Amino acid sequence: MCAHVLVAEDDEMQAELIRRSLLSEGHTATVVHDGSAALDAARRLRPDLVVLDLMLPVIDGFGVCRVLRRDDDIPVLMLTARSEEDDVLLGLELGADDYMTKPYSPRELMARIRTVLRRSGRADGRREDPVIRAAGIAVDPERHEVRCDGAAVECTPAEFEILLAMVAEPERVFSRRQLLECTRGTDRASTERAVDVHIMNLRRKTEADPRRPARLLTVFGVGYKLSGGRG
């Protein structure tokens, strides 16, 4: 079972834990941290499932679920620290497919995700092609392979995780801290400044002229983004 899961969670540590658990199960994941970004990502990426925290900034999880149910049929699994019965019932009435309260174990969350995907008919609806493509770069999270303009690219584990995150969300600006979180578990000794080195190495591997990058761009004072559309 392989699916593309959108994780909408404002706690960055929790979001990264969920992301890594999904990758270990063979899924791909896109992470956002507020309700407005969740709706935008859902419209752009059409994920197989949304893991949705209720206590999101900008638009809360109830509001996100309401819009998703009005506009689409993407399965929704709600997460919250609030376990009051009224909240549970409201979430289900809005169309959530399942509901988990914090704290929870990653293993239980993955089991619930498998159940929701299977029940929704998206279980083997795994996308036939798990490869994620953007800006001429193709990342295969199952085979752990990268190609740029059709040519194989050798990446370190940390470089692969950074590239996977950026290809999944082209044009999104990632801070160094966010990209560093992508490497947790592959590069534990790394620092935010080490992200600059990873980006420099990726530019050498993917840019025609690394000194004048056209794909992996610096957004001064913020971080980096992958420029270029999907495909």
# chains A, B, ... in the order shown; residues from 1 in each chain; ligands from 1
$ select_by_dssp --residues "chain A" --states "strand (DSSP E or B)" --output "number ranges by chain"
A: 4-8, 28-32, 49-53, 76-80, 98-101, 132-134, 137-140, 145-148, 151-153, 174-175, 216-219, 223-226, 230
$ closest_residue --among "A:Leu202, A:Met100, A:Val50, A:Ala168" --to "Glu154 of chain A" --atoms "only C-alpha atoms"
A:Leu202
$ residues_around --residues "Tyr99 of chain A" --least-positions-apart "3" --cutoff "7 Å" --atoms "only C-alpha atoms" --output "PyMOL selection string"
chain A and resi 77-79
$ atom_distance --atom1 "atom CA of Phe160 of chain A" --atom2 "atom CA of Leu6 of chain A"
19.3 Å
$ atom_distance --atom1 "atom CA of Asp53 of chain A" --atom2 "atom CA of Ala165 of chain A"
20.1 Å
$ closest_residue --among "A:Ala214, A:Leu117, A:Arg20, A:Asp10" --to "Cys182 of chain A" --atoms "only C-alpha atoms"
A:Arg20
$ residues_around --residues "segment 138-147 of chain A" --least-positions-apart "6" --cutoff "7 Å" --atoms "only C-alpha atoms" --output "PyMOL selection string"
chain A and resi 26+130-132+153+164
$ write_last_selection --atoms "N, CA and C atoms" --output "JSON list (two decimals), in the first residue's frame"
[["chain", "number", "residue", "atom", "x", "y", "z"],
["A", 26, "GLY", "N", 6.43, 3.33, 3.20],
["A", 26, "GLY", "CA", 6.40, 3.34, 1.74],
["A", 26, "GLY", "C", 5.52, 4.41, 1.15],
["A", 130, "PRO", "N", 4.96, 5.91, -8.21],
["A", 130, "PRO", "CA", 5.23, 6.62, -6.96],
["A", 130, "PRO", "C", 6.25, 7.74, -7.11],
["A", 131, "VAL", "N", 6.83, 7.87, -8.31],
["A", 131, "VAL", "CA", 7.88, 8.86, -8.50],
["A", 131, "VAL", "C", 7.28, 10.27, -8.45],
["A", 132, "ILE", "N", 7.96, 11.16, -7.72],
["A", 132, "ILE", "CA", 7.54, 12.57, -7.62],
["A", 132, "ILE", "C", 8.45, 13.38, -8.54],
["A", 153, "VAL", "N", 21.31, 10.44, -10.45],
["A", 153, "VAL", "CA", 22.03, 11.32, -9.54],
["A", 153, "VAL", "C", 22.26, 10.58, -8.23],
["A", 164, "LEU", "N", 13.64, 15.25, -1.67],
["A", 164, "LEU", "CA", 12.30, 14.68, -1.65],
["A", 164, "LEU", "C", 11.29, 15.71, -1.15]]
$ closest_residue --among "A:Ser24, A:Gln178, A:Thr206, A:Thr80" --to "Val51 of chain A" --atoms "only C-alpha atoms"
A:Thr80
$ closest_residue --among "A:His198, A:Arg114, A:Lys225, A:Arg215" --to "Glu169 of chain A" --atoms "only C-alpha atoms"
A:Lys225
